[in-house]
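As stored in upload_13.txt (compact mmCIF, C-alpha atoms and all ligand atoms):
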# COMPACT_ATOMS: atom_id res chain seq x y z
CA MET A 1 0.00 0.00 0.00
CA ASN A 2 3.00 2.31 0.40
CA GLU A 3 3.65 4.16 -2.82
CA PRO A 4 7.30 5.01 -3.39
CA ASP A 5 6.65 7.94 -5.74
CA THR A 6 6.15 11.55 -4.81
CA LEU A 7 2.88 13.13 -3.86
CA GLY A 8 3.10 15.36 -6.94
CA ALA A 9 3.34 12.31 -9.22
CA GLY A 10 0.47 10.61 -7.42
CA LEU A 11 -1.75 13.68 -7.70
CA ALA A 12 -0.93 14.08 -11.40
CA ARG A 13 -1.89 10.44 -12.01
CA ARG A 14 -5.23 11.13 -10.39
CA GLY A 15 -5.81 14.17 -12.54
CA VAL A 16 -5.18 16.76 -9.79
CA SER A 17 -3.46 19.73 -11.43
CA ARG A 18 -0.65 21.80 -9.98
CA ARG A 19 -3.11 24.69 -9.92
CA SER A 20 -5.50 22.68 -7.72
CA LEU A 21 -2.62 21.79 -5.40
CA LEU A 22 -1.69 25.46 -5.10
CA LYS A 23 -5.33 26.35 -4.45
CA PHE A 24 -5.45 23.71 -1.74
CA CYS A 25 -2.23 25.02 -0.14
CA THR A 26 -3.52 28.59 -0.25
CA ALA A 27 -6.69 27.51 1.55
CA MET A 28 -4.71 25.54 4.12
CA ALA A 29 -2.24 28.39 4.73
CA SER A 30 -5.09 30.80 5.18
CA LEU A 31 -6.93 28.40 7.48
CA MET A 32 -3.83 28.16 9.68
CA ALA A 33 -3.11 31.89 9.49
CA LEU A 34 0.35 31.25 8.02
CA PRO A 35 2.20 34.19 6.46
CA PRO A 36 1.76 35.08 2.76
CA GLY A 37 4.09 33.14 0.49
CA VAL A 38 3.83 30.00 2.60
CA ALA A 39 1.27 28.52 0.20
CA LEU A 40 3.78 28.42 -2.65
CA ALA A 41 6.45 26.86 -0.45
CA MET A 42 3.91 24.39 0.88
CA ALA A 43 2.88 23.39 -2.66
CA GLY A 44 6.54 22.92 -3.60
CA ALA A 45 7.20 20.78 -0.53
CA LEU A 46 4.07 18.70 -1.02
CA ASP A 47 4.85 18.18 -4.69
CA GLN A 48 8.16 16.54 -3.82
CA THR A 49 7.23 14.77 -0.62
CA LYS A 50 6.60 11.04 -0.33
CA ARG A 51 3.10 10.15 0.68
CA GLN A 52 3.01 10.05 4.47
CA SER A 53 2.18 6.64 5.88
CA VAL A 54 -0.73 6.89 8.31
CA ILE A 55 -2.00 4.19 10.63
CA TRP A 56 -5.35 5.03 12.16
CA LEU A 57 -6.64 3.11 15.18
CA SER A 58 -10.22 3.43 16.42
CA PHE A 59 -11.04 2.59 20.02
CA GLN A 60 -14.06 3.48 22.20
CA GLU A 61 -15.96 5.96 20.03
CA CYS A 62 -19.10 6.49 17.96
CA THR A 63 -17.28 6.82 14.60
CA GLY A 64 -18.41 10.45 14.47
CA CYS A 65 -14.83 11.58 14.01
CA VAL A 66 -14.30 9.49 10.88
CA GLU A 67 -17.75 10.46 9.63
CA SER A 68 -16.83 14.09 10.16
CA LEU A 69 -13.71 13.74 8.04
CA THR A 70 -15.37 11.81 5.25
CA ARG A 71 -18.86 13.36 5.04
CA SER A 72 -18.00 16.41 3.09
CA PHE A 73 -18.88 17.98 -0.19
CA GLU A 74 -17.14 17.58 -3.50
CA PRO A 75 -14.48 18.67 -4.24
CA THR A 76 -13.10 19.01 -0.77
CA LEU A 77 -9.86 19.80 0.91
CA GLU A 78 -10.44 16.73 3.00
CA GLN A 79 -10.53 14.48 -0.04
CA MET A 80 -7.25 15.94 -1.18
CA ILE A 81 -5.81 15.04 2.16
CA PHE A 82 -6.60 11.43 1.41
CA GLU A 83 -4.54 11.81 -1.75
CA MET A 84 -1.70 13.20 0.33
CA VAL A 85 -1.34 10.35 2.75
CA SER A 86 -1.05 6.62 2.43
CA LEU A 87 -3.80 5.49 4.76
CA ASP A 88 -2.34 2.09 5.48
CA TYR A 89 -4.77 0.99 8.17
CA GLN A 90 -8.19 2.37 9.02
CA GLU A 91 -10.79 -0.12 10.18
CA THR A 92 -13.84 1.83 9.01
CA LEU A 93 -12.58 2.86 5.58
CA GLN A 94 -10.35 -0.01 4.47
CA ALA A 95 -11.64 -2.69 2.13
CA ALA A 96 -9.54 -5.40 3.78
CA SER A 97 -10.78 -7.25 6.84
CA GLY A 98 -9.64 -9.98 9.19
CA GLU A 99 -6.13 -11.34 8.75
CA ALA A 100 -5.54 -9.35 5.54
CA ALA A 101 -6.20 -6.09 7.41
CA GLU A 102 -4.02 -7.08 10.33
CA SER A 103 -1.12 -8.09 8.10
CA ALA A 104 -1.44 -4.77 6.16
CA ARG A 105 -1.10 -2.95 9.47
CA ASP A 106 1.90 -5.05 10.52
CA GLU A 107 3.55 -4.50 7.15
CA ALA A 108 3.01 -0.72 7.26
CA MET A 109 4.35 -0.53 10.81
CA LYS A 110 7.43 -2.51 9.77
CA SER A 111 8.20 -0.74 6.49
CA SER A 112 7.63 2.78 7.87
CA TYR A 113 8.97 2.17 11.38
CA GLY A 114 9.87 5.45 13.05
CA LYS A 115 8.19 7.46 10.29
CA TYR A 116 4.47 6.77 10.24
CA LEU A 117 1.89 9.06 11.73
CA LEU A 118 -0.37 7.30 14.19
CA ILE A 119 -3.91 8.69 14.38
CA VAL A 120 -6.16 7.54 17.19
CA ASP A 121 -9.84 8.20 17.68
CA GLY A 122 -11.73 6.93 20.70
CA SER A 123 -10.72 6.50 24.33
CA ILE A 124 -8.91 3.54 25.81
CA PRO A 125 -10.68 1.37 28.43
CA THR A 126 -8.41 0.37 31.29
CA LYS A 127 -10.76 -1.35 33.75
CA ASP A 128 -10.77 -5.14 34.00
CA GLY A 129 -7.74 -5.57 31.78
CA GLY A 130 -9.24 -3.50 28.98
CA VAL A 131 -11.78 -6.18 28.02
CA TYR A 132 -14.41 -3.58 27.05
CA SER A 133 -12.87 -2.91 23.65
CA THR A 134 -10.63 -5.30 21.77
CA VAL A 135 -9.66 -5.81 18.13
CA ALA A 136 -8.50 -9.22 16.93
CA GLY A 137 -8.45 -10.30 20.59
CA VAL A 138 -6.01 -7.55 21.59
CA SER A 139 -7.03 -4.81 24.02
CA ASN A 140 -7.03 -1.20 22.80
CA HIS A 141 -4.40 -0.47 25.43
CA ASP A 142 -1.99 -3.07 24.07
CA ARG A 143 -2.64 -2.09 20.44
CA LEU A 144 -1.90 1.53 21.26
CA ILE A 145 1.36 0.68 23.04
CA ASP A 146 2.39 -1.54 20.12
CA ALA A 147 1.56 0.98 17.37
CA ALA A 148 3.00 3.96 19.27
CA LYS A 149 6.49 2.40 19.38
CA GLY A 150 7.26 3.06 15.68
CA ALA A 151 5.27 6.28 15.30
CA ALA A 152 6.97 9.56 14.44
CA ALA A 153 4.10 11.36 16.14
CA ILE A 154 0.57 10.70 17.32
CA VAL A 155 -2.56 12.68 16.57
CA ALA A 156 -5.50 12.12 18.92
CA VAL A 157 -8.56 12.93 16.83
CA GLY A 158 -11.71 13.73 18.80
CA THR A 159 -12.43 14.51 22.42
CA CYS A 160 -12.47 10.79 23.34
CA SER A 161 -8.84 10.14 22.41
CA SER A 162 -7.78 13.63 23.50
CA TYR A 163 -9.37 13.68 26.97
CA GLY A 164 -11.48 10.53 27.43
CA GLY A 165 -14.64 12.14 26.03
CA ILE A 166 -18.09 10.65 26.52
CA PRO A 167 -16.83 7.14 27.48
CA HIS A 168 -14.93 8.82 30.34
CA ALA A 169 -18.06 10.64 31.58
CA ASN A 170 -19.43 9.78 35.00
CA PRO A 171 -19.69 6.91 36.01
CA ASP A 172 -16.99 5.97 33.51
CA PRO A 173 -17.80 2.25 33.54
CA THR A 174 -14.80 1.19 31.44
CA GLY A 175 -12.10 3.35 33.05
CA ALA A 176 -11.70 5.28 29.79
CA VAL A 177 -8.54 7.35 29.38
CA SER A 178 -6.91 9.45 26.67
CA VAL A 179 -3.91 8.66 24.49
CA SER A 180 -1.68 11.03 26.47
CA ASP A 181 -2.68 9.29 29.71
CA ILE A 182 -0.89 6.19 28.37
CA ILE A 183 1.81 7.32 25.94
CA LYS A 184 4.45 9.58 27.46
CA ASP A 185 7.42 9.35 25.10
CA LYS A 186 6.06 10.55 21.75
CA PRO A 187 4.94 13.92 20.38
CA ILE A 188 1.16 13.95 20.73
CA MET A 189 -1.27 16.47 19.29
CA ASN A 190 -4.89 16.62 20.44
CA VAL A 191 -7.53 17.61 17.88
CA PRO A 192 -10.62 17.64 20.12
CA GLY A 193 -14.25 18.07 19.20
CA CYS A 194 -17.09 15.60 19.37
CA PRO A 195 -16.50 15.35 16.49
CA PRO A 196 -13.72 17.69 15.34
CA ILE A 197 -14.18 20.02 12.36
CA PRO A 198 -13.07 18.18 9.18
CA SER A 199 -10.93 21.09 7.97
CA VAL A 200 -9.15 21.18 11.31
CA ILE A 201 -8.23 17.50 11.01
CA ALA A 202 -7.19 18.10 7.38
CA GLY A 203 -5.23 21.24 8.22
CA THR A 204 -3.21 19.57 10.96
CA LEU A 205 -2.45 16.61 8.68
CA ALA A 206 -1.37 18.98 5.89
CA TYR A 207 0.93 20.76 8.33
CA PHE A 208 2.57 17.52 9.44
CA VAL A 209 3.02 16.26 5.87
CA THR A 210 4.52 19.58 4.78
CA TYR A 211 6.80 20.35 7.71
CA GLU A 212 7.32 16.83 9.11
CA LYS A 213 6.51 18.04 12.60
CA LEU A 214 3.47 19.00 14.62
CA PRO A 215 2.32 22.63 14.73
CA GLU A 216 2.65 24.72 17.88
CA LEU A 217 0.42 23.36 20.63
CA ASP A 218 -1.32 24.94 23.60
CA HIS A 219 -1.28 23.72 27.21
CA LEU A 220 -3.90 21.07 26.37
CA GLY A 221 -1.92 19.77 23.40
CA ARG A 222 -4.16 21.44 20.79
CA PRO A 223 -2.85 23.21 17.68
CA LYS A 224 -2.92 26.90 18.56
CA VAL A 225 -3.85 27.91 15.03
CA PHE A 226 -7.28 26.37 15.46
CA PHE A 227 -7.86 26.44 19.22
CA ALA A 228 -6.44 29.75 20.45
CA ASP A 229 -9.79 31.55 20.33
CA THR A 230 -12.99 30.78 22.16
CA ILE A 231 -16.21 30.31 20.20
CA HIS A 232 -17.51 33.37 22.07
CA GLY A 233 -14.53 35.45 20.96
CA ARG A 234 -15.38 34.95 17.26
CA CYS A 235 -19.16 34.47 17.45
CA TYR A 236 -21.30 36.50 15.03
CA ARG A 237 -23.90 36.90 17.84
CA ARG A 238 -21.30 38.62 19.99
CA PRO A 239 -22.60 42.15 19.28
CA PHE A 240 -25.89 41.15 20.93
CA TYR A 241 -23.97 39.88 23.96
CA ASP A 242 -22.17 43.20 24.11
CA GLN A 243 -25.51 45.01 24.02
CA GLY A 244 -26.99 42.75 26.72
CA LYS A 245 -29.54 41.25 24.34
CA PHE A 246 -30.18 37.62 25.25
CA ALA A 247 -32.71 35.06 24.02
CA LYS A 248 -34.59 33.70 27.06
CA THR A 249 -36.23 30.76 25.30
CA PHE A 250 -35.59 29.07 21.97
CA ASP A 251 -38.73 30.56 20.43
CA ASP A 252 -38.98 34.04 21.90
CA GLU A 253 -38.48 37.30 20.06
CA GLY A 254 -34.79 37.39 20.98
CA ALA A 255 -34.23 33.93 19.50
CA ARG A 256 -36.04 34.94 16.33
CA ASN A 257 -33.85 38.04 16.11
CA GLY A 258 -30.65 36.03 16.50
CA TRP A 259 -29.73 37.37 19.95
CA CYS A 260 -27.05 35.84 22.15
CA LEU A 261 -27.71 32.30 23.49
CA TYR A 262 -25.63 32.74 26.66
CA GLU A 263 -28.65 32.55 28.99
CA LEU A 264 -29.82 29.39 27.21
CA GLY A 265 -26.64 27.61 28.28
CA CYS A 266 -24.24 28.36 25.42
CA LYS A 267 -20.72 27.24 26.41
CA GLY A 268 -19.02 29.44 23.79
CA PRO A 269 -17.18 31.59 26.38
CA THR A 270 -15.30 28.59 27.81
CA THR A 271 -14.86 26.57 24.63
CA HIS A 272 -11.80 26.79 22.41
CA ASN A 273 -12.50 25.74 18.86
CA ALA A 274 -12.78 27.11 15.32
CA CYS A 275 -16.52 26.49 14.73
CA ALA A 276 -17.31 30.21 14.58
CA THR A 277 -14.74 30.87 11.86
CA ILE A 278 -14.32 27.69 9.80
CA LYS A 279 -17.87 26.43 10.43
CA TRP A 280 -19.26 23.07 9.27
CA ASN A 281 -20.55 21.47 6.08
CA GLY A 282 -18.24 23.37 3.81
CA GLY A 283 -18.60 26.62 5.76
CA VAL A 284 -22.42 26.63 5.70
CA SER A 285 -23.15 27.04 9.39
CA TYR A 286 -22.34 25.96 12.94
CA PRO A 287 -24.51 25.09 15.96
CA ILE A 288 -24.93 28.65 17.22
CA GLU A 289 -25.83 29.85 13.73
CA SER A 290 -28.44 27.07 13.65
CA GLY A 291 -30.02 28.44 16.82
CA HIS A 292 -28.52 26.18 19.50
CA GLY A 293 -25.87 27.08 22.06
CA CYS A 294 -22.40 25.57 21.98
CA LEU A 295 -22.14 22.33 24.01
CA GLY A 296 -18.42 22.81 24.66
CA CYS A 297 -17.61 19.44 23.09
CA SER A 298 -13.94 20.19 22.47
CA GLU A 299 -13.15 20.79 26.14
CA PRO A 300 -12.13 18.13 28.69
CA ASP A 301 -15.03 16.66 30.74
CA PHE A 302 -17.63 18.60 28.75
CA TRP A 303 -20.30 15.97 29.41
CA ASP A 304 -19.93 16.18 33.20
CA LYS A 305 -19.78 19.97 33.49
CA GLY A 306 -23.53 20.33 33.83
CA SER A 307 -26.62 20.71 31.74
CA PHE A 308 -26.18 21.98 28.20
CA TYR A 309 -29.05 24.38 28.99
CA GLN A 310 -27.69 25.73 32.28
CA PRO A 311 -26.14 29.20 31.81
CA LEU A 312 -22.44 29.39 32.65
CA SER A 313 -23.13 32.13 35.19
CA THR A 314 -25.19 35.25 35.64
CA PRO A 315 -23.87 37.56 32.92
CA LEU A 316 -21.51 40.30 34.00
CA ALA A 317 -22.15 43.83 32.85
CA PRO A 318 -21.80 43.25 29.10
CA ASN A 319 -19.11 45.82 28.46
CA ALA A 320 -17.00 44.65 31.38
CA HIS A 321 -17.08 41.17 29.92
CA VAL A 322 -16.07 42.44 26.48
CA VAL A 323 -13.01 44.12 27.94
CA ALA A 324 -12.17 41.03 29.99
CA ILE A 325 -12.25 38.56 27.16
CA GLY A 326 -11.86 40.61 24.02
CA ALA A 327 -9.15 43.09 24.78
CA LEU A 328 -6.77 41.07 26.92
CA GLY A 329 -5.79 38.69 24.15
CA GLY A 330 -4.56 35.07 24.19
CA VAL A 331 -3.21 34.13 27.59
CA ALA A 332 -5.24 36.60 29.62
CA ALA A 333 -8.40 35.71 27.75
CA GLY A 334 -7.65 32.07 28.49
CA ALA A 335 -7.36 32.91 32.19
CA VAL A 336 -10.72 34.68 32.07
CA ALA A 337 -12.24 31.71 30.29
CA ALA A 338 -10.77 29.36 32.89
CA ALA A 339 -12.18 31.55 35.66
CA LEU A 340 -15.56 31.47 33.96
CA SER A 341 -15.28 27.71 33.74
CA ARG A 342 -14.55 27.42 37.47
CA GLU A 343 -17.39 29.81 38.20
CA HIS A 344 -19.59 27.63 36.04
CA GLN A 345 -18.66 24.47 37.90
CA THR A 346 -19.34 26.09 41.25
CA HIS A 347 -22.62 27.41 39.97
CA ILE A 348 -23.69 24.03 38.66
CA GLY A 349 -22.61 22.42 41.92
CA GLU A 350 -24.74 24.84 43.90
CA GLU A 351 -27.73 24.07 41.75
CA LYS A 352 -27.61 20.38 42.58
FE1 LIG B 1 -15.59 10.46 20.49
FE2 LIG B 1 -14.94 10.03 17.77
FE3 LIG B 1 -17.34 12.10 19.84
FE4 LIG B 1 -17.73 10.10 18.42
O1 LIG B 1 -14.09 8.79 16.93
S1 LIG B 1 -15.14 12.56 20.07
S2 LIG B 1 -17.85 10.03 20.72
S3 LIG B 1 -17.85 12.19 17.68
O2 LIG B 1 -16.56 9.35 17.29
O3 LIG B 1 -14.32 9.64 19.42

Using structure tokens, write down the structure from this file.
Amino acid sequence: MNEPDTLGAGLARRGVSRRSLLKFCTAMASLMALPPGVALAMAGALDQTKRQSVIWLSFQECTGCVESLTRSFEPTLEQMIFEMVSLDYQETLQAASGEAAESARDEAMKSSYGKYLLIVDGSIPTKDGGVYSTVAGVSNHDRLIDAAKGAAAIVAVGTCSSYGGIPHANPDPTGAVSVSDIIKDKPIMNVPGCPPIPSVIAGTLAYFVTYEKLPELDHLGRPKVFFADTIHGRCYRRPFYDQGKFAKTFDDEGARNGWCLYELGCKGPTTHNACATIKWNGGVSYPIESGHGCLGCSEPDFWDKGSFYQPLSTPLAPNAHVVAIGALGGVAAGAVAAALSREHQTHIGEEK
């Protein structure tokens, strides 16, 4: 399955022109806020690069992450990503099954030892010897340890593999943990979201293929280019928040006028993700634009932090809040968001 030729040759064979590659790189560079001129360099690098071997393991998950990456419109950046990598093992997408699939994985791990990118979606059960999720009779835990040994880097796709996700939620019957809870000696990037935005998965893969390293990460292991801002910070309903205009129910006048959903439980102020800028379904919309508050699905323990319809806290004076989050910038805004999160947890605790 490993193709020895360059990505440029592979793309040409499939009828993808140099112009399309450049267009793709321009979109990726813009998505990741890279400086002008990077797109051309990226296209040159990609043209000459060997297709990156990728081994993708799926553990305790709902397959939403893979669905997210594959359910997109034509032509898509995400589809081009599949031309860029040699997806040597992926249980949901591969045609092979049984022993043929397992031997393809073994072969890819052997031939690309030390070079392949390991992608993991889903959390890893650790209770009772990991019996709650096994593949070919091997526990997820042991498969992860085995595959991680020869990986150049690991990408945890989805909140489950990044932080434990829904399987880890109270009462956590399987003892679900994240990839970074188990693997300590490899570069790991978390791409959370339940599921993550397809372009974010694609963008991080493009970065790794181009630069042969992971992008700059934040304190939770997320690529800063996509997760530096909160949803609230980039939300198109933000002007209503600033004016103190809040929908009180999902069908009142405020809701019909597109006012802020903060009082209906929106978790945008404490959630770092790119939904408000990149959006979903080819840039069509995102949950808040569809009339529902953010659930905070890309943050650790989002399921246990309280009702999706419980407001984070009583709103501060709108303008004070704007200054706090908007003007302070990255680190300070993060501190405010963290404070809001703590306030939220206390508030929820008091409600119970
Ligand atoms: Fe988890 Fe992904 Fe949510 Fe589902 O693979 S992040 S439950 S979208 O499928 O892992």

Could you check the closest approach to Met28 of chain A for each of A:Thr126, A:Thr210, A:Ser180, A:Ser161 and tell me which residue wins, using only C-alpha atoms?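 Checking each of A:Thr126, A:Thr210, A:Ser180, A:Ser161 against Met28 of chain A, counting only C-alpha atoms, the winner is A:Thr210.
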
Please identify every residue of chain A that has at least one atom no farther than 7 Å from an atom of ligand LIG 1 (chain B), counting all atoms listed in the file, and for each give the shortest atom pair and the distance in Å to one decimal, arranged by chain then increasing number, as a tab-separated table.
residue	atom	partner	partner_atom	distance
A:Ser58	CA	B:LIG1	O1	6.6
A:Gln60	CA	B:LIG1	O3	6.8
A:Glu61	CA	B:LIG1	O3	4.1
A:Cys62	CA	B:LIG1	O2	3.9
A:Thr63	CA	B:LIG1	O2	3.8
A:Gly64	CA	B:LIG1	O2	3.5
A:Cys65	CA	B:LIG1	FE2	4.1
A:Val66	CA	B:LIG1	O1	6.1
A:Asp121	CA	B:LIG1	O1	4.4
A:Gly122	CA	B:LIG1	O3	4.0
A:Ser123	CA	B:LIG1	O3	6.9
A:Val157	CA	B:LIG1	O1	6.9
A:Gly158	CA	B:LIG1	S1	3.8
A:Thr159	CA	B:LIG1	S1	4.1
A:Cys160	CA	B:LIG1	FE1	4.2
A:Ser161	CA	B:LIG1	O3	6.3
A:Gly165	CA	B:LIG1	FE1	5.9
A:Ile166	CA	B:LIG1	S2	5.8
A:Pro192	CA	B:LIG1	S1	6.8
A:Gly193	CA	B:LIG1	S1	5.6
A:Cys194	CA	B:LIG1	FE3	3.5
A:Pro195	CA	B:LIG1	S3	3.6

So, with all atoms listed in the file as the atoms that count, which of A:Gly203, A:Pro198, A:Pro311, A:Gly221 lies closest to Gly283 of chain A?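 Checking each candidate against Gly283 of chain A, we get A:Pro198 as the closest.
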
Residues around (-7.9, 9.7, 27.2), cut-off 6 Å, counting all atoms listed in the file - what are they as a PyMOL selection string? chain A and resi 123+161-164+177-179+181

When you draw a straight line from atom CA of Lys149 of chain A to atom CA of Lys115 of chain A, how long is it in Å?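 Atom CA of Lys115 of chain A lies at a distance of 10.5 Å from atom CA of Lys149 of chain A.
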
Just give me the gap between atom CA of Pro196 of chain A and atom CA of Ile182 of chain A in Å, one decimal is fine.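 Separation between atom CA of Pro196 of chain A and atom CA of Ile182 of chain A: 21.6 Å.
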
Go through A:Arg237, A:Lys248, A:Lys279, A:Arg256 and flag the residue nearest Tyr309 of chain A, using all atoms listed in the file for the distances.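 Of all the options, A:Lys248 lies closest to Tyr309 of chain A.
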
Identify which of the residues A:Tyr113, A:Phe308, A:Tyr211, A:Trp280 lies closest to Ala43 of chain A, counting all atoms listed in the file when measuring atom-to-atom distances.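 When distances to Ala43 of chain A are compared using all atoms listed in the file, the smallest one comes from A:Tyr211.
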
Taking only N, CA and C atoms, show segment 196-211 of chain A of the given structure as a PDB file, in the first residue's frame.
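Now in result.pdb:
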ATOM      1  N   PRO A 196     -14.474  16.508  15.755  1.00  0.00           N
ATOM      2  CA  PRO A 196     -13.719  17.689  15.340  1.00  0.00           C
ATOM      3  C   PRO A 196     -14.172  18.181  13.965  1.00  0.00           C
ATOM      4  N   ILE A 197     -13.855  19.438  13.670  1.00  0.00           N
ATOM      5  CA  ILE A 197     -14.179  20.016  12.361  1.00  0.00           C
ATOM      6  C   ILE A 197     -13.289  19.352  11.307  1.00  0.00           C
ATOM      7  N   PRO A 198     -13.880  18.870  10.194  1.00  0.00           N
ATOM      8  CA  PRO A 198     -13.070  18.180   9.181  1.00  0.00           C
ATOM      9  C   PRO A 198     -11.872  18.987   8.706  1.00  0.00           C
ATOM     10  N   SER A 199     -12.052  20.281   8.475  1.00  0.00           N
ATOM     11  CA  SER A 199     -10.932  21.090   7.969  1.00  0.00           C
ATOM     12  C   SER A 199      -9.817  21.228   9.006  1.00  0.00           C
ATOM     13  N   VAL A 200     -10.167  21.114  10.267  1.00  0.00           N
ATOM     14  CA  VAL A 200      -9.148  21.184  11.313  1.00  0.00           C
ATOM     15  C   VAL A 200      -8.312  19.898  11.294  1.00  0.00           C
ATOM     16  N   ILE A 201      -8.978  18.764  11.127  1.00  0.00           N
ATOM     17  CA  ILE A 201      -8.229  17.502  11.007  1.00  0.00           C
ATOM     18  C   ILE A 201      -7.340  17.590   9.760  1.00  0.00           C
ATOM     19  N   ALA A 202      -7.930  18.022   8.646  1.00  0.00           N
ATOM     20  CA  ALA A 202      -7.192  18.102   7.381  1.00  0.00           C
ATOM     21  C   ALA A 202      -6.019  19.077   7.487  1.00  0.00           C
ATOM     22  N   GLY A 203      -6.266  20.223   8.108  1.00  0.00           N
ATOM     23  CA  GLY A 203      -5.231  21.245   8.224  1.00  0.00           C
ATOM     24  C   GLY A 203      -4.038  20.759   9.032  1.00  0.00           C
ATOM     25  N   THR A 204      -4.316  20.046  10.125  1.00  0.00           N
ATOM     26  CA  THR A 204      -3.214  19.570  10.957  1.00  0.00           C
ATOM     27  C   THR A 204      -2.435  18.472  10.240  1.00  0.00           C
ATOM     28  N   LEU A 205      -3.149  17.638   9.466  1.00  0.00           N
ATOM     29  CA  LEU A 205      -2.451  16.611   8.682  1.00  0.00           C
ATOM     30  C   LEU A 205      -1.573  17.262   7.622  1.00  0.00           C
ATOM     31  N   ALA A 206      -2.124  18.284   6.935  1.00  0.00           N
ATOM     32  CA  ALA A 206      -1.365  18.981   5.889  1.00  0.00           C
ATOM     33  C   ALA A 206      -0.103  19.595   6.485  1.00  0.00           C
ATOM     34  N   TYR A 207      -0.229  20.143   7.681  1.00  0.00           N
ATOM     35  CA  TYR A 207       0.925  20.761   8.329  1.00  0.00           C
ATOM     36  C   TYR A 207       2.009  19.716   8.584  1.00  0.00           C
ATOM     37  N   PHE A 208       1.588  18.563   9.115  1.00  0.00           N
ATOM     38  CA  PHE A 208       2.572  17.520   9.441  1.00  0.00           C
ATOM     39  C   PHE A 208       3.246  16.999   8.178  1.00  0.00           C
ATOM     40  N   VAL A 209       2.463  16.775   7.124  1.00  0.00           N
ATOM     41  CA  VAL A 209       3.022  16.256   5.872  1.00  0.00           C
ATOM     42  C   VAL A 209       4.009  17.267   5.290  1.00  0.00           C
ATOM     43  N   THR A 210       3.670  18.535   5.371  1.00  0.00           N
ATOM     44  CA  THR A 210       4.519  19.578   4.779  1.00  0.00           C
ATOM     45  C   THR A 210       5.795  19.807   5.583  1.00  0.00           C
ATOM     46  N   TYR A 211       5.656  19.954   6.886  1.00  0.00           N
ATOM     47  CA  TYR A 211       6.799  20.354   7.711  1.00  0.00           C
ATOM     48  C   TYR A 211       7.429  19.201   8.500  1.00  0.00           C
TER      49      TYR A 211
END
